[in-house]
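Novice: Structure: work-v6.txt, compact mmCIF, C-alpha atoms.
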```txt
# COMPACT_ATOMS: atom_id res chain seq x y z
CA GLY A 1 192.16 146.32 85.94
CA VAL A 2 190.94 142.89 84.79
CA GLY A 3 187.28 141.95 84.71
CA THR A 4 185.83 139.07 86.70
CA ARG A 5 183.79 137.06 84.21
CA ARG A 6 183.64 133.47 85.33
CA GLU A 7 185.99 131.98 82.73
CA MET A 8 188.62 134.64 83.34
CA VAL A 9 188.58 133.95 87.07
CA VAL A 10 189.12 130.26 86.34
CA GLU A 11 191.85 130.95 83.77
CA LEU A 12 193.69 133.32 86.10
CA GLY A 13 193.54 130.81 88.92
CA ALA A 14 194.90 128.05 86.67
CA ARG A 15 197.76 130.22 85.47
CA LEU A 16 198.67 131.29 88.99
CA TRP A 17 198.50 127.69 90.17
CA GLY A 18 200.70 126.39 87.33
CA GLY A 19 201.69 122.72 87.04
CA ALA A 20 201.38 120.09 84.29
CA TRP A 21 198.31 120.17 82.02
CA PRO A 22 196.37 117.20 83.52
CA ARG A 23 196.63 118.73 86.99
CA ARG A 24 195.65 122.15 85.62
CA LEU A 25 192.55 120.63 84.00
CA LEU A 26 191.57 119.14 87.35
CA ARG A 27 192.12 122.46 89.10
CA ARG A 28 190.02 124.30 86.51
CA TRP A 29 187.18 121.81 87.13
CA ARG A 30 187.48 122.31 90.90
CA MET A 31 187.48 126.10 90.55
CA ARG A 32 184.38 125.99 88.33
CA ARG A 33 182.57 123.83 90.90
CA ALA A 34 183.63 126.16 93.74
CA LEU A 35 182.37 129.20 91.85
CA ASP A 36 179.09 127.42 91.06
CA GLU A 37 178.55 126.71 94.75
CA LEU A 38 179.50 130.24 95.85
CA VAL A 39 177.13 131.79 93.32
CA ALA A 40 174.34 129.30 94.12
CA ASP A 41 174.68 130.08 97.84
CA HIS A 42 174.58 133.82 97.06
CA VAL A 43 178.03 134.27 98.58
CA LEU A 44 179.27 135.74 95.29
CA PRO A 45 176.71 137.70 93.24
CA GLU A 46 176.79 137.09 89.49
CA SER A 47 175.10 138.89 86.62
CA GLU A 48 175.55 138.21 82.90
CA GLY A 49 178.41 135.82 83.56
CA VAL A 50 180.45 138.32 85.62
CA ILE A 51 181.33 137.62 89.26
CA ARG A 52 180.76 140.79 91.30
CA PRO A 53 182.18 140.46 94.82
CA ARG A 54 180.97 143.07 97.27
CA ASP A 55 183.42 145.46 98.94
CA GLY A 56 185.35 143.69 101.67
CA GLN A 57 183.95 140.31 100.67
CA VAL A 58 187.08 138.73 99.17
CA GLU A 59 190.27 138.41 101.16
CA GLY A 60 193.50 136.50 100.60
CA LYS A 61 194.25 133.42 102.64
CA GLY A 62 197.79 132.38 103.47
CA TYR A 63 199.72 135.05 101.53
CA ALA A 64 199.05 138.12 99.46
CA LEU A 65 199.77 138.47 95.76
CA ALA A 66 201.35 141.71 94.56
CA PRO A 67 199.76 142.46 91.17
CA ALA A 68 203.02 143.96 89.85
CA ASP A 69 204.68 140.56 90.22
CA TYR A 70 202.12 139.06 87.83
CA PHE A 71 201.83 141.74 85.14
CA PRO A 72 203.21 139.48 82.36
CA LEU A 73 200.83 136.69 83.41
CA LEU A 74 197.86 139.06 83.53
CA THR A 75 198.77 140.50 80.14
CA GLY A 76 198.94 137.03 78.63
CA MET A 77 195.60 136.14 80.17
CA VAL A 78 193.80 139.21 78.79
CA ILE A 79 195.29 138.54 75.36
CA TRP A 80 194.00 134.97 75.65
CA ALA A 81 190.57 136.38 76.56
CA ALA A 82 190.69 138.78 73.59
CA ASP A 83 191.40 135.87 71.26
CA ARG A 84 188.44 134.03 72.74
CA TRP A 85 185.81 136.77 73.15
CA GLY A 86 187.04 139.55 70.88
CA LYS A 87 185.42 142.95 71.43
CA GLU A 88 183.75 141.78 74.63
CA VAL A 89 187.02 142.22 76.53
CA VAL A 90 187.91 145.70 75.26
CA ASP A 91 187.18 147.09 78.73
CA ASP A 92 189.62 144.57 80.20
CA VAL A 93 192.29 145.75 77.76
CA TYR A 94 191.66 149.34 78.85
CA GLY A 95 191.58 148.43 82.54
CA LEU A 96 194.79 146.41 82.63
CA GLY A 97 196.44 148.77 80.16
CA GLY A 98 195.87 151.67 82.54
CA ARG A 99 197.35 149.73 85.44
CA LEU A 100 200.39 148.73 83.39
CA TRP A 101 200.79 152.32 82.19
CA ARG A 102 200.91 153.67 85.72
CA ALA A 103 203.53 151.04 86.52
CA ARG A 104 205.53 152.14 83.42
CA GLU A 105 205.35 148.65 81.93
CA TYR A 106 205.23 150.16 78.45
CA GLU A 107 206.29 147.07 76.51
CA LEU A 108 203.47 145.08 78.10
CA VAL A 109 201.01 147.89 77.39
CA ALA A 110 202.11 147.95 73.74
CA ARG A 111 201.68 144.18 73.48
CA LEU A 112 198.24 144.38 75.05
CA HIS A 113 196.98 147.26 72.90
CA ARG A 114 198.34 145.77 69.69
CA ARG A 115 196.05 142.82 70.32
CA GLY A 116 193.27 145.21 71.28
CA VAL A 117 193.61 146.95 67.92
CA GLU A 118 193.40 143.58 66.18
CA VAL A 119 190.16 142.57 67.91
CA ALA A 120 188.62 146.08 67.76
CA PRO A 121 190.14 147.71 64.66
CA GLY A 122 187.43 150.36 64.53
CA ASP A 123 187.98 151.56 68.10
CA ALA A 124 189.64 155.00 67.84
CA ARG A 125 190.51 155.07 71.55
CA MET A 126 192.47 151.84 71.21
CA HIS A 127 194.59 153.29 68.40
CA TYR A 128 195.06 156.47 70.43
CA ASN A 129 196.25 154.51 73.48
CA LEU A 130 198.63 152.51 71.30
CA GLY A 131 200.02 155.80 70.00
CA LEU A 132 200.65 156.98 73.56
CA VAL A 133 202.56 153.80 74.35
CA TYR A 134 204.67 154.00 71.20
CA ALA A 135 205.49 157.63 72.03
CA ASP A 136 206.68 156.64 75.51
CA LEU A 137 208.81 153.90 73.97
CA GLY A 138 210.41 156.40 71.60
CA ARG A 139 208.88 154.71 68.55
CA GLN A 140 207.73 158.00 67.06
CA GLU A 141 206.81 156.92 63.54
CA GLU A 142 204.60 154.14 64.88
CA ALA A 143 203.07 156.63 67.33
CA ILE A 144 202.30 159.04 64.49
CA ALA A 145 200.66 156.25 62.48
CA ALA A 146 198.53 155.18 65.46
CA PHE A 147 197.38 158.75 66.22
CA ARG A 148 196.54 159.37 62.56
CA ARG A 149 194.52 156.16 62.44
CA ALA A 150 192.58 157.26 65.52
CA ILE A 151 191.84 160.58 63.81
CA GLU A 152 190.65 158.78 60.66
CA LEU A 153 188.28 156.66 62.74
CA ASP A 154 186.93 159.60 64.76
CA PRO A 155 187.83 163.06 63.38
CA THR A 156 186.05 164.74 66.32
CA LEU A 157 188.51 163.43 68.94
CA ALA A 158 190.90 166.12 70.18
CA ALA A 159 193.26 163.86 72.15
CA PRO A 160 194.97 162.19 69.13
CA HIS A 161 195.81 165.64 67.72
CA ASN A 162 197.36 166.52 71.08
CA GLY A 163 199.30 163.24 70.97
CA LEU A 164 200.53 164.04 67.47
CA GLY A 165 201.67 167.43 68.71
CA ASN A 166 203.71 165.81 71.47
CA VAL A 167 205.49 163.50 69.04
CA TYR A 168 206.19 166.30 66.57
CA ALA A 169 207.58 168.43 69.41
CA ASP A 170 209.86 165.56 70.51
CA LEU A 171 211.10 165.28 66.91
CA GLY A 172 211.82 169.01 66.73
CA ARG A 173 209.03 169.54 64.19
CA GLN A 174 207.68 172.52 66.08
CA GLU A 175 205.48 174.05 63.39
CA GLU A 176 203.69 170.74 62.89
CA ALA A 177 203.36 170.44 66.66
CA ILE A 178 201.77 173.89 66.86
CA ALA A 179 199.31 173.01 64.09
CA ALA A 180 198.35 169.77 65.85
CA TYR A 181 197.81 171.47 69.21
CA GLN A 182 195.77 174.23 67.58
CA ARG A 183 193.58 171.61 65.89
CA ALA A 184 193.03 169.90 69.25
CA ILE A 185 192.01 173.28 70.70
CA GLU A 186 189.59 173.89 67.80
CA LEU A 187 187.93 170.54 68.49
CA ALA A 188 187.84 171.00 72.28
CA PRO A 189 188.32 174.68 73.23
CA THR A 190 188.09 173.94 76.96
CA TYR A 191 190.70 171.14 76.81
CA ALA A 192 193.56 172.55 78.90
CA THR A 193 196.29 170.11 77.92
CA PRO A 194 196.98 171.30 74.33
CA HIS A 195 197.11 174.91 75.55
CA SER A 196 199.78 173.90 78.04
CA ASN A 197 201.70 171.88 75.45
CA LEU A 198 201.49 174.80 73.05
CA GLY A 199 203.15 176.91 75.72
CA ALA A 200 206.04 174.44 75.89
CA VAL A 201 206.63 174.63 72.13
CA TYR A 202 206.44 178.42 72.10
CA SER A 203 208.99 178.47 74.92
CA ASP A 204 211.35 176.18 72.98
CA LEU A 205 211.06 178.55 70.02
CA GLY A 206 211.90 181.55 72.20
CA ARG A 207 208.39 182.98 71.86
CA GLN A 208 208.12 183.53 75.59
CA GLU A 209 205.20 185.97 75.71
CA GLU A 210 203.11 183.55 73.63
CA ALA A 211 204.24 180.74 75.94
CA ILE A 212 203.12 182.68 79.00
CA ALA A 213 199.74 183.39 77.40
CA ALA A 214 199.23 179.71 76.50
CA TYR A 215 200.15 178.51 79.99
CA GLN A 216 197.89 181.11 81.59
CA ARG A 217 195.00 180.03 79.34
CA ALA A 218 195.52 176.42 80.40
CA ILE A 219 195.41 177.53 84.04
CA GLU A 220 192.19 179.47 83.43
CA LEU A 221 190.60 176.35 81.96
CA ASP A 222 191.85 174.04 84.71
CA PRO A 223 193.23 175.81 87.80
CA THR A 224 194.09 172.42 89.37
CA TYR A 225 196.40 171.41 86.48
CA ALA A 226 199.97 171.49 87.78
CA TYR A 227 201.81 171.21 84.45
CA PRO A 228 201.22 174.77 83.14
CA HIS A 229 202.33 176.22 86.48
CA ASN A 230 205.57 174.28 86.06
CA GLY A 231 205.86 175.57 82.49
CA LEU A 232 205.36 179.14 83.67
CA GLY A 233 208.10 178.61 86.23
CA ALA A 234 210.51 177.52 83.48
CA VAL A 235 209.66 180.54 81.30
CA TYR A 236 209.94 183.00 84.18
CA GLY A 237 213.24 181.45 85.23
CA GLY A 238 214.62 181.79 81.72
CA LEU A 239 213.57 185.45 81.66
CA GLY A 240 215.29 186.13 84.98
CA ARG A 241 211.97 186.68 86.75
CA GLN A 242 213.11 184.44 89.58
CA GLU A 243 210.55 185.26 92.26
CA GLU A 244 207.70 184.63 89.81
CA ALA A 245 209.40 181.40 88.82
CA ILE A 246 209.63 180.26 92.43
CA ALA A 247 205.96 181.10 93.02
CA ALA A 248 204.90 179.17 89.90
CA TYR A 249 206.93 176.10 90.84
CA GLN A 250 205.62 176.17 94.41
CA ARG A 251 202.05 176.37 93.12
CA ALA A 252 202.66 173.34 90.89
CA ILE A 253 203.96 171.44 93.93
CA GLU A 254 200.94 172.45 95.99
CA LEU A 255 198.63 171.11 93.28
CA ASP A 256 200.57 167.85 92.82
CA PRO A 257 203.10 167.05 95.57
CA THR A 258 204.22 163.94 93.63
CA TYR A 259 205.17 165.96 90.52
CA ALA A 260 208.97 165.91 90.33
CA TYR A 261 209.61 168.51 87.63
CA PRO A 262 208.78 171.64 89.68
CA HIS A 263 211.14 170.49 92.43
CA ASN A 264 213.87 170.29 89.80
CA GLY A 265 212.83 173.71 88.49
CA LEU A 266 213.04 175.17 91.97
CA GLY A 267 216.52 173.70 92.25
CA ASN A 268 217.51 175.47 89.05
CA VAL A 269 216.30 178.86 90.31
CA TYR A 270 217.93 178.39 93.70
CA ALA A 271 221.18 177.42 91.95
CA ASP A 272 221.03 180.59 89.84
CA GLN A 273 220.55 182.60 93.05
CA GLY A 274 223.52 180.93 94.72
CA ARG A 275 221.25 179.22 97.27
CA GLN A 276 223.11 175.94 96.89
CA GLU A 277 221.85 174.09 99.94
CA GLU A 278 218.24 174.81 98.95
CA ALA A 279 219.04 173.78 95.38
CA ILE A 280 220.47 170.49 96.59
CA ALA A 281 217.40 169.81 98.75
CA ALA A 282 215.10 170.53 95.79
CA TYR A 283 217.04 168.23 93.46
CA GLN A 284 217.11 165.50 96.08
CA ARG A 285 213.34 165.73 96.44
CA ALA A 286 212.91 165.49 92.67
CA ILE A 287 215.06 162.34 92.68
CA GLU A 288 213.03 160.84 95.54
CA LEU A 289 209.89 161.32 93.46
CA ASP A 290 211.37 160.14 90.17
CA PRO A 291 214.75 158.42 90.57
CA GLU A 292 214.80 157.34 86.92
CA GLU A 293 214.89 160.90 85.52
CA ALA A 294 218.51 161.37 84.48
CA ILE A 295 218.66 165.17 84.39
CA TYR A 296 217.88 165.47 88.10
CA HIS A 297 221.04 163.50 88.90
CA ASN A 298 223.02 165.70 86.52
CA ASN A 299 221.79 168.87 88.22
CA LEU A 300 222.51 167.53 91.70
CA GLY A 301 225.97 166.48 90.54
CA ASP A 302 226.63 170.03 89.32
CA GLU A 303 225.81 171.47 92.74
CA TYR A 304 228.01 168.96 94.54
CA LEU A 305 230.83 169.73 92.11
CA GLN A 306 230.59 173.47 92.74
CA LEU A 307 230.78 172.80 96.48
CA GLY A 308 233.84 170.60 96.01
CA GLN A 309 231.98 167.46 97.13
CA MET A 310 233.70 165.21 94.62
CA GLU A 311 232.40 161.88 95.87
CA GLY A 312 228.77 162.99 95.74
CA ALA A 313 229.24 164.65 92.36
CA GLU A 314 230.89 161.59 90.86
CA ALA A 315 228.10 159.31 92.12
CA GLU A 316 225.38 161.50 90.62
CA PHE A 317 227.11 161.89 87.27
CA GLN A 318 227.67 158.13 87.07
CA GLU A 319 223.99 157.57 87.75
CA ARG A 320 223.17 160.09 85.03
CA THR A 321 225.26 158.15 82.52
CA ARG A 322 223.76 154.84 83.63
CA LEU A 323 220.19 156.04 83.18
CA SER A 324 220.66 157.63 79.77
CA PRO A 325 224.14 156.95 78.37
CA ASP A 326 223.51 158.17 74.83
CA ASP A 327 222.88 161.80 75.78
CA ALA A 328 224.93 162.24 78.96
CA LEU A 329 227.28 164.81 77.41
CA SER A 330 227.62 167.15 80.38
CA ALA A 331 227.96 164.26 82.84
CA GLU A 332 230.75 162.64 80.80
CA VAL A 333 232.63 165.95 80.64
CA CYS A 334 232.26 166.47 84.39
CA LEU A 335 233.40 162.92 85.12
CA GLY A 336 236.43 163.58 82.92
CA VAL A 337 237.18 166.81 84.81
CA ILE A 338 236.90 165.02 88.17
CA ALA A 339 239.26 162.28 87.02
CA CYS A 340 241.71 164.84 85.64
CA HIS A 341 241.57 166.77 88.92
CA GLN A 342 242.36 163.55 90.77
CA GLY A 343 245.30 162.75 88.48
CA ASP A 344 243.60 159.75 86.83
CA ASN A 345 244.33 160.71 83.24
CA GLU A 346 243.38 157.33 81.80
CA THR A 347 239.85 157.56 83.20
CA ALA A 348 239.64 161.22 82.21
CA THR A 349 240.52 160.37 78.62
CA ARG A 350 237.86 157.70 78.49
CA HIS A 351 235.16 160.11 79.64
CA PHE A 352 236.26 162.92 77.32
CA GLU A 353 236.31 160.55 74.35
CA ARG A 354 232.85 159.33 75.28
CA ALA A 355 231.64 162.94 75.47
CA LEU A 356 232.88 163.66 71.94
CA SER A 357 231.32 160.44 70.63
CA ILE A 358 227.83 161.53 71.75
CA TRP A 359 228.19 165.25 71.04
CA ASP A 360 226.50 165.10 67.62
CA THR A 361 223.47 163.39 69.15
CA ALA A 362 223.30 166.01 71.92
CA TRP A 363 223.50 168.78 69.33
CA GLN A 364 220.72 167.28 67.20
CA ARG A 365 218.47 166.86 70.24
CA ARG A 366 219.33 170.32 71.61
CA LEU A 367 219.83 168.89 75.07
CA GLN A 368 221.33 172.24 76.12
CA ASN A 369 221.43 175.64 74.52
CA PRO A 370 224.02 175.89 71.69
CA ALA A 371 226.50 177.81 73.86
CA GLY A 372 226.43 175.11 76.55
CA LEU A 373 226.80 172.28 74.05
CA LEU A 374 229.78 173.94 72.40
CA GLU A 375 231.43 174.70 75.75
CA ASN A 376 231.14 171.03 76.73
CA LYS A 377 232.78 170.06 73.45
CA ALA A 378 235.55 172.58 74.07
CA CYS A 379 236.22 171.10 77.53
CA ALA A 380 236.38 167.57 76.11
CA LEU A 381 238.81 168.65 73.39
CA LEU A 382 240.96 170.44 75.97
CA GLY A 383 241.08 167.33 78.16
CA LEU A 384 242.14 165.23 75.18
CA GLY A 385 245.15 167.44 74.48
CA ARG A 386 243.68 169.28 71.47
CA PRO A 387 244.02 172.89 72.70
CA GLN A 388 243.73 174.70 69.35
CA GLU A 389 240.42 172.96 68.57
CA ALA A 390 239.28 173.57 72.14
CA VAL A 391 239.94 177.32 71.96
CA ALA A 392 238.27 177.62 68.55
CA THR A 393 235.20 175.76 69.83
CA LEU A 394 235.05 177.92 72.95
CA ARG A 395 235.03 181.01 70.74
CA GLN A 396 232.03 179.55 68.91
CA SER A 397 230.35 178.92 72.26
CA LEU A 398 230.88 182.49 73.43
CA ALA A 399 229.46 183.80 70.14
CA GLN A 400 226.26 181.81 70.81
CA ARG A 401 225.70 183.24 74.31
CA LEU A 402 222.37 184.93 74.92
CA PRO A 403 221.79 188.04 77.07
CA GLY A 404 221.63 187.03 80.71
CA ASP A 405 223.68 183.84 80.24
CA THR A 406 226.19 183.32 83.02
CA ILE A 407 229.65 181.79 82.86
CA ASP A 408 230.68 179.23 85.46
CA PHE A 409 234.38 178.92 86.24
CA TYR A 410 234.36 175.96 88.62
CA ILE A 411 235.16 173.40 85.90
CA TYR A 412 238.23 175.38 84.90
CA GLU A 413 239.27 175.88 88.52
CA LEU A 414 239.24 172.10 88.98
CA LEU A 415 241.34 171.61 85.85
CA ALA A 416 243.77 174.30 86.99
CA ALA A 417 244.22 172.44 90.30
CA ALA A 418 244.92 169.10 88.57
CA PRO A 419 248.41 167.55 88.95
CA GLU A 420 248.88 168.12 85.21
CA PRO A 421 246.65 171.00 84.01
CA PRO A 422 245.83 170.60 80.32
CA ALA A 423 247.63 172.76 77.76
CA GLY A 424 245.53 175.66 76.51
CA LEU A 425 243.66 176.08 79.78
CA GLU A 426 245.03 179.57 80.48
CA GLU A 427 243.98 180.85 77.05
CA MET A 428 240.45 179.49 77.53
CA VAL A 429 240.17 181.06 80.98
CA THR A 430 241.32 184.40 79.55
CA LEU A 431 238.59 184.23 76.92
CA LEU A 432 236.00 183.43 79.58
CA ARG A 433 237.17 186.29 81.81
CA GLU A 434 236.87 188.73 78.95
CA ALA A 435 233.38 187.47 78.14
CA ALA A 436 232.25 187.53 81.76
CA GLY A 437 233.89 190.87 82.49
CA GLU A 438 235.19 189.64 85.84
CA GLU A 439 238.27 188.04 87.33
CA LEU A 440 238.45 184.31 88.02
CA ARG A 441 237.40 183.87 91.62
```
Output the file's structure in the form of structure tokens.

Specialist:
Amino acid sequence: GVGTRREMVVELGARLWGGAWPRRLLRRWRMRRALDELVADHVLPESEGVIRPRDGQVEGKGYALAPADYFPLLTGMVIWAADRWGKEVVDDVYGLGGRLWRAREYELVARLHRRGVEVAPGDARMHYNLGLVYADLGRQEEAIAAFRRAIELDPTLAAPHNGLGNVYADLGRQEEAIAAYQRAIELAPTYATPHSNLGAVYSDLGRQEEAIAAYQRAIELDPTYAYPHNGLGAVYGGLGRQEEAIAAYQRAIELDPTYAYPHNGLGNVYADQGRQEEAIAAYQRAIELDPEEAIYHNNLGDEYLQLGQMEGAEAEFQERTRLSPDDALSAEVCLGVIACHQGDNETATRHFERALSIWDTAWQRRLQNPAGLLENKACALLGLGRPQEAVATLRQSLAQRLPGDTIDFYIYELLAAAPEPPAGLEEMVTLLREAAGEELR
């Protein structure tokens, strides 16, 4: 992603070589002479100060350098070049920034684009890219400021409006997100991405028919775009239209086999259908593709737990809490239940206390539906020996249930089989039986 103007080649070589400054000066001189001779002999073509090796012309000698091992060095070098040449290296900022982005080196991308904005303050794309990086880093207010600045510089650009919509959606400001996506669509009616993102917001608001229409419009505009197929799968799954959900997820996978989300979505549908082995395989594939996505580990842990595979469940829930500890409510509750089932009350207490400590955050972020969040709180309270609060909270959870919601008993079965079942468990199970209209299996 870095250009090959003569001075940058020399600077990169000197930085890779390292050493004390007198020796580095000597090496810079030698590299300049070598380049002069290669260009003079027409071994390396050069035009306007840029070395342009032909395909297959340059090969490493001795050992290969993995670019990922030198991302900080490359970032520092491009910043050095920006200080020296200013706007002339904007393309280098974009090139390296894209490479760093794909490698998820977001802090380096932010550092690089901040300098890019300084040397090219009127470049709307640079502000837009900086907004994308801030959004990925969770720095939403800075992302909003960067997107708005891009819009000020070029009001005809649709992408910054789409970026604003994404940040607003992440902040739960759905109406502002809808307005931003609709503005992006006005500016670029054939731009599929804001249609797809609009579908996601409509789905979060429970406006499922509008969500389906938005996803379908995105697919009409770009049939090769996997994301709206995944979104359709989620909507269909939530509506109980499971076969349509499976078809949508499978189409997303066909279009982008490296896209992890539809594998996770397939796992969810298979789990709802009781096809546990297929669910496990789908979750495992999602984790292979994106091992850093915490929710995949949580879902796989749930399946292991239902099958009584405690060791596998515990490992997945622990990984879930490691990856994203501040919102791992369900995982902490499940780890507490496993510990209680195994008679390790000290560990169980620690996990239940941790679950309660992060419950408010989970509620604000709506990490589950309200009924699920309240049921997790009820389980944590029960495990901590607060049965009256647990029962009252479970009643609140049951009042929040939506049509089609199912009730899982396996958590309570594990607690019932513990050496010391928690007080209040029987009353909670009775409430759940009445709500489910079936006997505890």

Novice: Can you work out which one of A:Asp92, A:Asp204, A:Glu303, A:Glu389 has the shortest atom-to-atom distance to A:Gly116, counting all atoms listed in the file?

Specialist: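 Using all atoms listed in the file, the shortest distance to A:Gly116 belongs to A:Asp92.
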
Novice: Taking (215.6, 171.8, 96.6) in the file's own coordinates, collect the residues within 12 Å, counting only C-alpha atoms, and hand them back as a PyMOL selection string.

Specialist: chain A and resi 246+249-250+253+260-271+275-288+296+299-300+303

Novice: Quick one, how far is atom CA of A:Leu356 from atom CA of A:Asp408?

Specialist: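 Going from atom CA of A:Leu356 over to atom CA of A:Asp408 covers 20.7 Å.
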
Novice: From the options A:Pro421, A:Asp360, A:Glu375, A:Phe317, which residue's atoms come nearest to A:Asp344, counting all atoms listed in the file?

Specialist: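 Distance minimum relative to A:Asp344 lands on A:Pro421.
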
Novice: Can you measure atom CA of A:Leu374 to atom CA of A:Thr406 for me? One decimal in Å is fine.

Specialist: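 Going from atom CA of A:Leu374 over to atom CA of A:Thr406 covers 14.6 Å.
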
Novice: Mind giving me the straight-line distance from atom CA of A:Val109 to atom CA of A:Ala143 in Å, one decimal?

Specialist: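 According to the coordinates, atom CA of A:Val109 and atom CA of A:Ala143 are separated by 13.5 Å.
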
Novice: Stretch 232-240 of chain A: which residues within 10 Å, counting all atoms listed in the file, same-chain residues fewer than 5 positions away excluded, as a PyMOL selection string?

Specialist: chain A and resi 196+199-200+202-204+206-209+211-216+227+245-252+261-262+265-266+268-269+272+403-405

Novice: So which one's closest to A:Leu205, A:Ala103, A:Leu415, A:Ala192, A:Ala177? Using only C-alpha atoms, please.

Specialist: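 Among the listed residues, the smallest separation from A:Leu205 belongs to A:Ala177.
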
Novice: Neighbouring residues of A:Thr393 were defined as those with any atom within 12 Å, considering all atoms listed in the file; residues of the same chain fewer than 5 positions away were excluded. Please report them as a list in words.

Specialist: Pro370, Ala371, Gly372, Leu373, Leu374, Glu375, Asn376, Lys377, Ala378, Cys379, Ala380, Leu381, Leu382, Arg386, Pro387, Gln388, Leu398, Ala399, Gln400, Met428 and Leu431 of chain A
